[in-house]
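Q: First the structure, then my questions, so here it is.
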Amino acid sequence: MKVQEAQGDMRDAYMCGGSGVLISGIIWVIAGVTAIYATNQISFMVFFFGGMLIHPLSVLLDKLFNRRGKHSKENPLANLALESTVLLFIGLYLVYLLFELEPNWLFPIMLFFIGARYLIFQSIYGLKIYWILGLILIGMGFFGLNSNQPFYTFGIIGGVVELIFSILIIRRAKDSMDN
């Protein structure tokens with residue numbers, strides 16, 4: 001399978017990745033809002049356990065939009081998608097270690113890792129919008145580490161950015177389905 005075919009298979013199966021970006025954005029916002037009304041620890045738990053739900057919920061959403069929610073077995077990009085998940089576990093581990101020391105770093109550090117993963121999504125889906133999304137999130141991570149904003153700020157902002165991009169990505173997926 002050629003790279004362009006593999007990317008097309010991933011775009012068709014997963015709504016160009018937009019469903020995962022949408023679910024992720026919702027979880028970021030919920031975790032950020034939780035930090036306003038509950039403890040930082042509860043917010044972290046919402047973020048952690050919610051993150052585990054991104055893939056299954058996005059597959060469900062893919063199927064609701066008449067997509068397969070599953071790539072072909074021969075698709076070599078599936079390994080890249082799975083391997084890039086390691087970035088998230090590294091980020092969560094670092095954040096967990098630093099969380100008690102500096103809770104305000106949770107969302108900015110995770111923005112670095114999520115942004116870096118989205119840079120890889122450009123190769124998986126063949127869509128340059130992932131470079132833009134990734135760079136914006138990484139930039140927000142830098143800004144977050146160098147600001148005195150409350151804990152929840154960059155969780156909510158990161159989620160809103162993902163929600164905006166999910167609309168653009170899903171619209172692109174819908175347009176390609178209509179053609």
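Residue numbers start at 1 in each chain; chains themselves are named A, B, ... in the order of the structure tokens; ligands are numbered from 1 in the order shown.
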Do you know which residues are at most 12 Å from Ile36 in chain A counting only C-alpha atoms, after dropping those on the same chain fewer than 4 positions away, and could you put them as a PyMOL selection string?
A: chain A and resi 29-32+40-43+150-153+155-156
Q: Just give me the gap between CA of Phe44 in chain A and CA of Tyr96 in chain A in Å, one decimal is fine.
A: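 The value is 8.7 Å.
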Q: Grab the CA of Leu111 in chain A to CA of Gly18 in chain A distance for me, in Å with one decimal place.
A: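 Separating CA of Leu111 in chain A from CA of Gly18 in chain A is a distance of 17.6 Å.
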Q: Would you kindly return, as a list in words, each protein, DNA or RNA residue with an atom no farther than 8 Å from any atom of Gly144 in chain A, considering only C-alpha atoms and excluding same-chain residues fewer than 3 positions away?
A: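 Skipping anything fewer than 3 positions along the chain leaves Trp105, Phe107, Pro108, Met140, Gly141, Ser147, Asn148, Gln149 and Phe154 of chain A.
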